[in-house]
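*Asks:* I have a structure here, written as structure tokens, and I will follow up with some questions on it.
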2 protein chains.
Amino acid sequence: MSGEVNIKRLAQELNISIATVSKALNDSYEISLKTKNRVLSLAKELNYTPNPAASNLRSNKTKTIAVIIPCIANNFFSLAIKGIEEIARKYGHHVLIYQTHEDTEMEMSFTNSLLNGRVDGILTSVSSNEYNSDYYRDLVKKIPLVFFDRVYESLDAFKITTDDYQISFTATEHLIKCGCLKIAYLYGLGNLPAGRARFSGYKDALNAHGISYDENLVLNYSEDEDVNLDNIKKLFQDQYPDALFSSIEEFIIPAYLACNYLQLQIPKDVKILSFSNMSSAKLLNPSLTTITQPAFEIGNEAAKCLFKILNKRGIDDDQNIVLKSSLIKRASTGC
Amino acid sequence: MSGEVNIKRLAQELNISIATVSKALNDSYEISLKTKNRVLSLAKELNYTPNPAASNLRSNKTKTIAVIIPCIANNFFSLAIKGIEEIARKYGHHVLIYQTHEDTEMEMSFTNSLLNGRVDGILTSVSSNEYNSDYYRDLVKKIPLVFFDRVYESLDAFKITTDDYQISFTATEHLIKCGCLKIAYLYGLGNLPAGRARFSGYKDALNAHGISYDENLVLNYSEDEDVNLDNIKKLFQDQYPDALFSSIEEFIIPAYLACNYLQLQIPKDVKILSFSNMSSAKLLNPSLTTITQPAFEIGNEAAKCLFKILNKRGIDDDQNIVLKSSLIKRASTGC
DNA sequence: CTGTTAGCGCGTTCAT
DNA sequence: ATGAACGCGCTAACAG
């Protein structure tokens, strides 16, 4: 059987011992070049690959990392995964993916199932940081773990995030400079540091420019797209905002459509600005202004950070990396 | 150390043999209820979980499956993965994900890395069926494998697909019945059975209704979104089509925008119909007609099929499952 | 019902 | 430079 190629078989065919084969395959200094070559060429010929289970058992390493995220059907996370995969492949690691669908119980359940040595490390983007900081405080002692984007702020752990507060401040300022006075805020991720930071950036920018904050201009995200659409319409009819600042991509389409339904003729009358990683953002630029997070780079950095830990080398004192988002303005009006 | 909980430890603490513990944990009929309870309660107390590597090595099962797809940042595939994960979780399996980015070499490289027992089975959606049918012909003999959506048609293997030809025919017919005479076709996935089937459905429907096929109305997909946008504009200016039938979702935004730029005032003057699994399709319905593939269900069925194979039970003679797509018409005009 | 024994494939001693 | 022997944690055969 060609499926039964193991070091024992290689050893038999070459009339040498199993140990020698093992050492040759691992490029040990003890083995002569000649033997190494004999082993390697036969291994190649027979298409030998080591049995991962045996290797894991012996070495306590799996060459596998896990990624735990709320949802894969999301432009930000799918790009982040791409970034993670790139690094994982470079290090010859495999990637397990778990979707929590924003369910904290499931998040913990998945995480717990990884603590028995199934993976070498975990990259996670949590669903909420309200209730289980104790859980994560213990967890980070048990397994190499890097938080990305959605983190536990108060935790002493490795975190890759973006400049949510700063970019939000800048974006709001941008709208103000464009002449907007009543900027509505579409609020998402309120149970996470990122969401709260974005909201603070918005409020502080208003304040810095002498515009008083009006909570009637704030709309909370609903799971139901139809509800969001209705709420935005209502917001327009009741409050007459001259701009919408959406803190999450999920609001873009309802916002866009609400304006169209109400014949507000964006981009002329109303400005829409949103966090977004839509691949077609480039094409939508003429009509929308977007804040684009460096999703791919976040994945990249998170994975690099994890491999640094795994390889126990050069871990920076600073456990926080903050990447910069981009404010992409409307191509047509520069606004 | 609390990290060192294994069956040996359990056996010692309970003064019974390792084998008994193992059997108790696996709920063997040979073990008395009393012993089982003693073992289980101690296991729970010490937070014991079996070492996967050791278990894999001994049992030749990994409780892991792999999913190989072109790209995760795609509404269809991310939904399919959701469907796969649901079933995998039900069977207590973990899911490895590999993105090929439409690169056949990478596809084979990933697949080969899984043949040494790292996973129990593979779900794959191939990037092209042009060149390596021999490769897959051998592969299906080596490891349980199910193709989904993007398959090797001629291969005797498990395949989960959709009614591409039929729905494409129906959709084209729908446009014709709405009064369209010059229906342009935005052609994607030409190197795959699905893409070719869609195209055939379009041509056959035209033919069935006495409309002659005009190759000037066919536009091929480009990787570059800007090029697609330009091409669609040019198509409108040169050929004056009264409808666009897009065979892939990637064309939707450029098509939509091209119409807007050219002030074609969709949905009034031009009809756009596209394959799409955009989550906001519901909201876009008033202006676009879509063909929605049952992506989640495809993932579901593919995974179910794989687990049937793994559990060696009830494998249907028919290795092909074809699921039905939905034609979702414009809510406003029913057209 | 319980225990003893023998590996799964690999890597790591310690001999030679 | 090479090999014999052991054990990682678990499961399966066989004994009792």
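Residues are referred to by chain and number: the chain letter is A, B, ... according to the order shown in the structure tokens, the number counts from 1 in that chain, and ligands are numbered separately from 1 in the order shown.
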Provide as a list in words the residues of chain C at most 9 Å from chain A, counting only C-alpha atoms (C1' of nucleotides).
*Replies:*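 Selected residues: DC8, DG9, DC10 and DG11 of chain C.
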*Asks:* Tell me, as a list in words, which residues lie within 9 Å of segment 173-179 of chain A, counting only C-alpha atoms (C1' of nucleotides); anything in the same chain fewer than 4 positions away does not count.
*Replies:*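 Those residues are Ser168, Phe169, Ile183, Tyr202, Ala205, Leu206, Ala208, His209, Asp242, Ala243, Phe245, Lys271, Leu273 and Cys335 of chain A.
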*Asks:* Would you mind exporting all heavy atoms of the selected residues as a tab-separated table (two decimals), in the first residue's frame?
*Replies:*
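So result.tsv came out as:
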```tsv
chain	number	residue	atom	x	y	z
A	168	SER	N	-12.42	58.26	14.09
A	168	SER	CA	-13.79	58.68	14.24
A	168	SER	C	-13.85	60.18	14.48
A	168	SER	O	-14.71	60.89	13.94
A	168	SER	CB	-14.39	57.93	15.42
A	168	SER	OG	-15.75	57.76	15.29
A	169	PHE	N	-12.93	60.64	15.28
A	169	PHE	CA	-12.80	62.09	15.53
A	169	PHE	C	-12.51	62.82	14.22
A	169	PHE	O	-13.18	63.78	13.86
A	169	PHE	CB	-11.68	62.32	16.54
A	169	PHE	CG	-11.60	63.73	17.06
A	169	PHE	CD1	-12.13	64.05	18.30
A	169	PHE	CD2	-10.99	64.73	16.32
A	169	PHE	CE1	-12.05	65.35	18.79
A	169	PHE	CE2	-10.91	66.02	16.79
A	169	PHE	CZ	-11.44	66.34	18.03
A	183	ILE	N	-25.27	66.04	12.54
A	183	ILE	CA	-24.70	64.76	12.10
A	183	ILE	C	-25.30	63.63	12.92
A	183	ILE	O	-25.05	63.53	14.12
A	183	ILE	CB	-23.17	64.77	12.27
A	183	ILE	CG1	-22.56	65.94	11.50
A	183	ILE	CG2	-22.58	63.44	11.81
A	183	ILE	CD1	-21.09	66.14	11.75
A	202	TYR	N	-16.70	60.62	17.90
A	202	TYR	CA	-17.77	61.44	17.31
A	202	TYR	C	-18.19	62.55	18.26
A	202	TYR	O	-18.20	63.74	17.91
A	202	TYR	CB	-18.94	60.50	16.99
A	202	TYR	CG	-20.30	61.14	16.86
A	202	TYR	CD1	-20.65	61.87	15.72
A	202	TYR	CD2	-21.26	60.97	17.86
A	202	TYR	CE1	-21.92	62.43	15.59
A	202	TYR	CE2	-22.53	61.52	17.75
A	202	TYR	CZ	-22.86	62.24	16.61
A	202	TYR	OH	-24.11	62.78	16.49
A	205	ALA	N	-15.47	65.21	18.87
A	205	ALA	CA	-15.25	66.10	17.73
A	205	ALA	C	-16.34	67.17	17.66
A	205	ALA	O	-16.06	68.34	17.41
A	205	ALA	CB	-15.21	65.29	16.43
A	206	LEU	N	-17.57	66.74	17.91
A	206	LEU	CA	-18.66	67.72	17.95
A	206	LEU	C	-18.33	68.79	18.98
A	206	LEU	O	-18.38	70.00	18.70
A	206	LEU	CB	-19.98	67.05	18.35
A	206	LEU	CG	-20.64	66.07	17.37
A	206	LEU	CD1	-21.97	65.59	17.95
A	206	LEU	CD2	-20.85	66.70	16.00
A	208	ALA	N	-15.52	69.62	20.31
A	208	ALA	CA	-14.35	70.44	19.97
A	208	ALA	C	-14.70	71.55	18.99
A	208	ALA	O	-14.00	72.55	18.89
A	208	ALA	CB	-13.24	69.56	19.39
A	209	HIS	N	-15.78	71.35	18.26
A	209	HIS	CA	-16.18	72.37	17.29
A	209	HIS	C	-17.43	73.12	17.73
A	209	HIS	O	-18.12	73.72	16.91
A	209	HIS	CB	-16.40	71.72	15.92
A	209	HIS	CG	-15.11	71.30	15.29
A	209	HIS	ND1	-14.45	72.08	14.37
A	209	HIS	CD2	-14.34	70.20	15.46
A	209	HIS	CE1	-13.34	71.48	14.00
A	209	HIS	NE2	-13.24	70.33	14.64
A	242	ASP	N	-28.21	66.51	8.40
A	242	ASP	CA	-27.58	66.76	7.10
A	242	ASP	C	-26.43	65.80	6.81
A	242	ASP	O	-25.78	65.89	5.78
A	242	ASP	CB	-27.11	68.23	7.01
A	242	ASP	CG	-26.29	68.65	8.22
A	242	ASP	OD1	-25.76	67.76	8.91
A	242	ASP	OD2	-26.20	69.87	8.47
A	243	ALA	N	-26.19	64.88	7.76
A	243	ALA	CA	-25.18	63.85	7.51
A	243	ALA	C	-25.47	62.62	8.36
A	243	ALA	O	-26.08	62.72	9.43
A	243	ALA	CB	-23.78	64.38	7.83
A	245	PHE	N	-23.35	59.44	10.04
A	245	PHE	CA	-22.05	58.81	10.31
A	245	PHE	C	-22.36	57.41	10.85
A	245	PHE	O	-22.89	57.26	11.95
A	245	PHE	CB	-21.28	59.64	11.34
A	245	PHE	CG	-19.94	59.07	11.70
A	245	PHE	CD1	-19.42	57.94	11.08
A	245	PHE	CD2	-19.16	59.68	12.68
A	245	PHE	CE1	-18.18	57.44	11.42
A	245	PHE	CE2	-17.91	59.17	13.04
A	245	PHE	CZ	-17.43	58.04	12.41
A	271	LYS	N	-24.83	63.83	3.43
A	271	LYS	CA	-23.55	63.14	3.37
A	271	LYS	C	-23.62	61.85	4.17
A	271	LYS	O	-24.08	61.85	5.31
A	271	LYS	CB	-22.44	64.03	3.90
A	271	LYS	CG	-22.30	65.29	3.07
A	271	LYS	CD	-21.00	65.96	3.23
A	271	LYS	CE	-20.91	67.17	2.30
A	271	LYS	NZ	-22.18	67.63	1.68
A	273	LEU	N	-21.24	58.84	5.67
A	273	LEU	CA	-19.87	58.44	5.95
A	273	LEU	C	-19.96	57.18	6.79
A	273	LEU	O	-20.71	57.12	7.76
A	273	LEU	CB	-19.17	59.56	6.72
A	273	LEU	CG	-17.68	59.42	6.99
A	273	LEU	CD1	-17.07	60.80	7.18
A	273	LEU	CD2	-17.40	58.57	8.19
A	335	CYS	N	-15.38	65.62	-0.70
A	335	CYS	CA	-16.04	65.88	0.56
A	335	CYS	C	-16.62	64.60	1.19
A	335	CYS	O	-16.39	63.52	0.75
A	335	CYS	CB	-17.16	66.88	0.33
A	335	CYS	SG	-17.59	67.78	1.82
```
*Asks:* Which of segment 52-286 of chain B counts as strand (DSSP E) under DSSP, as a PDB file with N, CA and C atoms, in the first residue's frame please?
*Replies:*
```pdb
ATOM      1  N   THR B  64     -11.708  16.085  12.494  1.00  0.00           N
ATOM      2  CA  THR B  64     -11.446  17.328  11.777  1.00  0.00           C
ATOM      3  C   THR B  64     -11.731  17.134  10.292  1.00  0.00           C
ATOM      4  N   ILE B  65     -12.375  18.099   9.695  1.00  0.00           N
ATOM      5  CA  ILE B  65     -12.539  18.081   8.242  1.00  0.00           C
ATOM      6  C   ILE B  65     -11.948  19.355   7.663  1.00  0.00           C
ATOM      7  N   ALA B  66     -11.635  19.304   6.390  1.00  0.00           N
ATOM      8  CA  ALA B  66     -11.059  20.471   5.732  1.00  0.00           C
ATOM      9  C   ALA B  66     -12.021  20.997   4.678  1.00  0.00           C
ATOM     10  N   VAL B  67     -12.030  22.306   4.532  1.00  0.00           N
ATOM     11  CA  VAL B  67     -12.817  22.943   3.483  1.00  0.00           C
ATOM     12  C   VAL B  67     -11.860  23.722   2.600  1.00  0.00           C
ATOM     13  N   ILE B  68     -11.882  23.403   1.313  1.00  0.00           N
ATOM     14  CA  ILE B  68     -11.001  24.110   0.387  1.00  0.00           C
ATOM     15  C   ILE B  68     -11.864  24.898  -0.584  1.00  0.00           C
ATOM     16  N   ILE B  69     -11.681  26.201  -0.564  1.00  0.00           N
ATOM     17  CA  ILE B  69     -12.513  27.064  -1.410  1.00  0.00           C
ATOM     18  C   ILE B  69     -11.648  28.137  -2.060  1.00  0.00           C
ATOM     19  N   HIS B  94     -14.049  19.511  13.981  1.00  0.00           N
ATOM     20  CA  HIS B  94     -13.446  20.822  13.786  1.00  0.00           C
ATOM     21  C   HIS B  94     -13.260  21.066  12.291  1.00  0.00           C
ATOM     22  N   VAL B  95     -13.143  22.356  11.929  1.00  0.00           N
ATOM     23  CA  VAL B  95     -13.124  22.697  10.504  1.00  0.00           C
ATOM     24  C   VAL B  95     -11.879  23.508  10.138  1.00  0.00           C
ATOM     25  N   LEU B  96     -11.056  22.935   9.306  1.00  0.00           N
ATOM     26  CA  LEU B  96      -9.902  23.654   8.759  1.00  0.00           C
ATOM     27  C   LEU B  96     -10.317  24.318   7.459  1.00  0.00           C
ATOM     28  N   ILE B  97      -9.891  25.547   7.252  1.00  0.00           N
ATOM     29  CA  ILE B  97     -10.274  26.231   6.023  1.00  0.00           C
ATOM     30  C   ILE B  97      -9.043  26.674   5.242  1.00  0.00           C
ATOM     31  N   TYR B  98      -9.085  26.446   3.936  1.00  0.00           N
ATOM     32  CA  TYR B  98      -7.992  26.825   3.052  1.00  0.00           C
ATOM     33  C   TYR B  98      -8.540  27.609   1.868  1.00  0.00           C
ATOM     34  N   GLN B  99      -7.945  28.757   1.602  1.00  0.00           N
ATOM     35  CA  GLN B  99      -8.356  29.562   0.455  1.00  0.00           C
ATOM     36  C   GLN B  99      -7.331  29.447  -0.658  1.00  0.00           C
ATOM     37  N   GLY B 121     -11.738  14.007   6.269  1.00  0.00           N
ATOM     38  CA  GLY B 121     -12.354  14.166   4.962  1.00  0.00           C
ATOM     39  C   GLY B 121     -12.249  15.597   4.475  1.00  0.00           C
ATOM     40  N   ILE B 122     -12.586  15.784   3.211  1.00  0.00           N
ATOM     41  CA  ILE B 122     -12.414  17.097   2.580  1.00  0.00           C
ATOM     42  C   ILE B 122     -13.687  17.514   1.846  1.00  0.00           C
ATOM     43  N   LEU B 123     -14.028  18.781   1.989  1.00  0.00           N
ATOM     44  CA  LEU B 123     -15.071  19.392   1.164  1.00  0.00           C
ATOM     45  C   LEU B 123     -14.371  20.395   0.267  1.00  0.00           C
ATOM     46  N   THR B 124     -14.603  20.318  -1.021  1.00  0.00           N
ATOM     47  CA  THR B 124     -13.847  21.203  -1.897  1.00  0.00           C
ATOM     48  C   THR B 124     -14.714  21.819  -2.983  1.00  0.00           C
ATOM     49  N   LEU B 145     -14.090  12.550   0.072  1.00  0.00           N
ATOM     50  CA  LEU B 145     -14.119  13.898  -0.492  1.00  0.00           C
ATOM     51  C   LEU B 145     -15.475  14.175  -1.131  1.00  0.00           C
ATOM     52  N   VAL B 146     -15.968  15.379  -0.878  1.00  0.00           N
ATOM     53  CA  VAL B 146     -17.224  15.807  -1.501  1.00  0.00           C
ATOM     54  C   VAL B 146     -16.989  17.141  -2.201  1.00  0.00           C
ATOM     55  N   PHE B 147     -17.350  17.187  -3.458  1.00  0.00           N
ATOM     56  CA  PHE B 147     -17.303  18.449  -4.187  1.00  0.00           C
ATOM     57  C   PHE B 147     -18.594  19.221  -3.952  1.00  0.00           C
ATOM     58  N   PHE B 148     -18.477  20.528  -3.822  1.00  0.00           N
ATOM     59  CA  PHE B 148     -19.708  21.310  -3.781  1.00  0.00           C
ATOM     60  C   PHE B 148     -19.598  22.558  -4.642  1.00  0.00           C
ATOM     61  N   PHE B 158     -18.751  12.321  -5.224  1.00  0.00           N
ATOM     62  CA  PHE B 158     -19.882  12.954  -4.566  1.00  0.00           C
ATOM     63  C   PHE B 158     -19.902  14.437  -4.912  1.00  0.00           C
ATOM     64  N   LYS B 159     -21.049  14.891  -5.371  1.00  0.00           N
ATOM     65  CA  LYS B 159     -21.151  16.272  -5.834  1.00  0.00           C
ATOM     66  C   LYS B 159     -22.442  16.914  -5.368  1.00  0.00           C
ATOM     67  N   ILE B 160     -22.326  18.083  -4.781  1.00  0.00           N
ATOM     68  CA  ILE B 160     -23.498  18.867  -4.418  1.00  0.00           C
ATOM     69  C   ILE B 160     -23.496  20.122  -5.280  1.00  0.00           C
ATOM     70  N   THR B 161     -24.507  20.276  -6.091  1.00  0.00           N
ATOM     71  CA  THR B 161     -24.528  21.421  -7.003  1.00  0.00           C
ATOM     72  C   THR B 161     -25.910  22.079  -6.994  1.00  0.00           C
ATOM     73  N   THR B 162     -26.038  23.087  -7.833  1.00  0.00           N
ATOM     74  CA  THR B 162     -27.365  23.693  -7.992  1.00  0.00           C
ATOM     75  C   THR B 162     -27.804  23.604  -9.446  1.00  0.00           C
ATOM     76  N   ILE B 183     -30.777  41.127 -24.532  1.00  0.00           N
ATOM     77  CA  ILE B 183     -30.314  40.811 -23.184  1.00  0.00           C
ATOM     78  C   ILE B 183     -28.815  40.565 -23.204  1.00  0.00           C
ATOM     79  N   ALA B 184     -28.076  41.450 -22.567  1.00  0.00           N
ATOM     80  CA  ALA B 184     -26.625  41.262 -22.511  1.00  0.00           C
ATOM     81  C   ALA B 184     -26.286  40.237 -21.435  1.00  0.00           C
ATOM     82  N   TYR B 185     -25.197  39.516 -21.640  1.00  0.00           N
ATOM     83  CA  TYR B 185     -24.804  38.479 -20.687  1.00  0.00           C
ATOM     84  C   TYR B 185     -23.425  38.784 -20.127  1.00  0.00           C
ATOM     85  N   LEU B 186     -23.335  38.895 -18.818  1.00  0.00           N
ATOM     86  CA  LEU B 186     -22.043  39.127 -18.170  1.00  0.00           C
ATOM     87  C   LEU B 186     -21.513  37.777 -17.716  1.00  0.00           C
ATOM     88  N   TYR B 187     -20.468  37.355 -18.397  1.00  0.00           N
ATOM     89  CA  TYR B 187     -20.022  35.962 -18.330  1.00  0.00           C
ATOM     90  C   TYR B 187     -18.892  35.772 -17.309  1.00  0.00           C
ATOM     91  N   VAL B 218     -22.200  39.670 -25.194  1.00  0.00           N
ATOM     92  CA  VAL B 218     -21.575  38.910 -24.108  1.00  0.00           C
ATOM     93  C   VAL B 218     -20.294  39.592 -23.645  1.00  0.00           C
ATOM     94  N   LEU B 219     -20.197  39.772 -22.335  1.00  0.00           N
ATOM     95  CA  LEU B 219     -19.035  40.443 -21.758  1.00  0.00           C
ATOM     96  C   LEU B 219     -18.347  39.503 -20.784  1.00  0.00           C
ATOM     97  N   ASN B 220     -17.038  39.378 -20.919  1.00  0.00           N
ATOM     98  CA  ASN B 220     -16.326  38.499 -19.999  1.00  0.00           C
ATOM     99  C   ASN B 220     -15.855  39.234 -18.756  1.00  0.00           C
ATOM    100  N   ALA B 243     -31.496  44.779 -21.170  1.00  0.00           N
ATOM    101  CA  ALA B 243     -31.355  44.032 -19.915  1.00  0.00           C
ATOM    102  C   ALA B 243     -29.934  43.528 -19.763  1.00  0.00           C
ATOM    103  N   LEU B 244     -29.533  43.365 -18.513  1.00  0.00           N
ATOM    104  CA  LEU B 244     -28.241  42.755 -18.204  1.00  0.00           C
ATOM    105  C   LEU B 244     -28.509  41.503 -17.390  1.00  0.00           C
ATOM    106  N   PHE B 245     -27.957  40.394 -17.841  1.00  0.00           N
ATOM    107  CA  PHE B 245     -28.046  39.167 -17.055  1.00  0.00           C
ATOM    108  C   PHE B 245     -26.625  38.853 -16.585  1.00  0.00           C
ATOM    109  N   SER B 246     -26.408  38.986 -15.285  1.00  0.00           N
ATOM    110  CA  SER B 246     -25.072  38.753 -14.761  1.00  0.00           C
ATOM    111  C   SER B 246     -24.976  37.370 -14.126  1.00  0.00           C
ATOM    112  N   LYS B 271     -33.282  46.437 -17.223  1.00  0.00           N
ATOM    113  CA  LYS B 271     -33.459  45.437 -16.179  1.00  0.00           C
ATOM    114  C   LYS B 271     -32.127  44.779 -15.867  1.00  0.00           C
ATOM    115  N   ILE B 272     -31.836  44.682 -14.588  1.00  0.00           N
ATOM    116  CA  ILE B 272     -30.631  43.957 -14.186  1.00  0.00           C
ATOM    117  C   ILE B 272     -31.053  42.718 -13.427  1.00  0.00           C
ATOM    118  N   LEU B 273     -30.483  41.618 -13.827  1.00  0.00           N
ATOM    119  CA  LEU B 273     -30.778  40.355 -13.163  1.00  0.00           C
ATOM    120  C   LEU B 273     -29.437  39.694 -12.883  1.00  0.00           C
ATOM    121  N   SER B 274     -29.239  39.246 -11.659  1.00  0.00           N
ATOM    122  CA  SER B 274     -27.923  38.691 -11.351  1.00  0.00           C
ATOM    123  C   SER B 274     -27.977  37.532 -10.369  1.00  0.00           C
ATOM    124  N   PHE B 275     -27.084  36.605 -10.565  1.00  0.00           N
ATOM    125  CA  PHE B 275     -26.799  35.633  -9.520  1.00  0.00           C
ATOM    126  C   PHE B 275     -26.241  36.422  -8.343  1.00  0.00           C
TER     127      PHE B 275
END
```
*Asks:* Could you list, as number ranges by chain, every residue within 12 Å of DA6 of chain C, counting only C-alpha atoms (C1' of nucleotides) and ignoring same-chain residues fewer than 5 positions away?
*Replies:* D: 11-14
*Asks:* Chain D near chain A within 8 Å: what's each residue's closest atom pair and its distance in Å to one decimal, counting only C-alpha atoms (C1' of nucleotides), ordered by chain then ascending residue number, as JSON lines?
*Replies:*
```
{"residue": "D:DA1", "atom": "C1'", "partner": "A:Ile31", "partner_atom": "CA", "distance": 6.0}
{"residue": "D:DT2", "atom": "C1'", "partner": "A:Thr20", "partner_atom": "CA", "distance": 6.6}
{"residue": "D:DG3", "atom": "C1'", "partner": "A:Ser17", "partner_atom": "CA", "distance": 5.9}
{"residue": "D:DC8", "atom": "C1'", "partner": "A:Arg58", "partner_atom": "CA", "distance": 5.0}
{"residue": "D:DG9", "atom": "C1'", "partner": "A:Leu57", "partner_atom": "CA", "distance": 7.7}
```
*Asks:* Return the single residue from B:Val39, B:Ile328, B:Ala295, B:Ala11 that is closest to chain A, with distances computed using only C-alpha atoms.
*Replies:*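 Nearest to chain A: B:Ala295.
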*Asks:* For atom CA of Asp156 of chain B and atom CA of Ile321 of chain B, quote the distance in Å rounded to one decimal.
*Replies:* 13.1 Å
*Asks:* Applying 10 Å and only C-alpha atoms (C1' of nucleotides), which residues near DA5 of chain D remain after dropping the ones on its own chain fewer than 2 positions away? List them as a compact mmCIF listing (two decimals) with N, CA, C and O atoms (P, O5', C5', C4', C3', O3' and C1' of nucleotides), in the first residue's frame.
*Replies:*
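Result file is out.txt:
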```
# COMPACT_ATOMS: atom_id res chain seq x y z
P DT C 13 16.68 14.31 24.87
O5' DT C 13 17.96 13.51 24.32
C5' DT C 13 18.90 12.91 25.22
C4' DT C 13 18.29 11.78 26.02
C3' DT C 13 19.37 10.85 26.56
O3' DT C 13 19.37 10.89 27.98
C1' DT C 13 17.81 9.65 25.13
P DC C 14 20.63 10.74 28.85
O5' DC C 14 21.23 9.32 28.40
C5' DC C 14 20.48 8.14 28.66
C4' DC C 14 21.07 6.99 27.86
C3' DC C 14 22.60 6.86 28.02
O3' DC C 14 22.89 5.51 28.33
C1' DC C 14 21.97 6.81 25.73
P DA C 15 24.26 5.23 29.08
O5' DA C 15 24.58 3.80 28.48
C5' DA C 15 25.44 3.72 27.40
C4' DA C 15 24.94 2.75 26.36
C3' DA C 15 26.11 2.07 25.66
O3' DA C 15 25.97 0.67 25.70
C1' DA C 15 24.77 3.31 24.09
P DG D 3 21.93 2.15 11.35
O5' DG D 3 21.70 1.73 12.86
C5' DG D 3 22.63 0.85 13.47
C4' DG D 3 22.20 0.56 14.89
C3' DG D 3 20.72 0.19 15.05
O3' DG D 3 20.63 -0.88 15.97
C1' DG D 3 21.20 2.02 16.43
P DG D 7 9.81 3.83 29.62
O5' DG D 7 8.97 5.04 29.01
C5' DG D 7 9.57 6.33 28.88
C4' DG D 7 8.67 7.21 28.04
C3' DG D 7 7.18 7.05 28.36
O3' DG D 7 6.59 8.33 28.36
C1' DG D 7 7.54 6.67 26.07
```
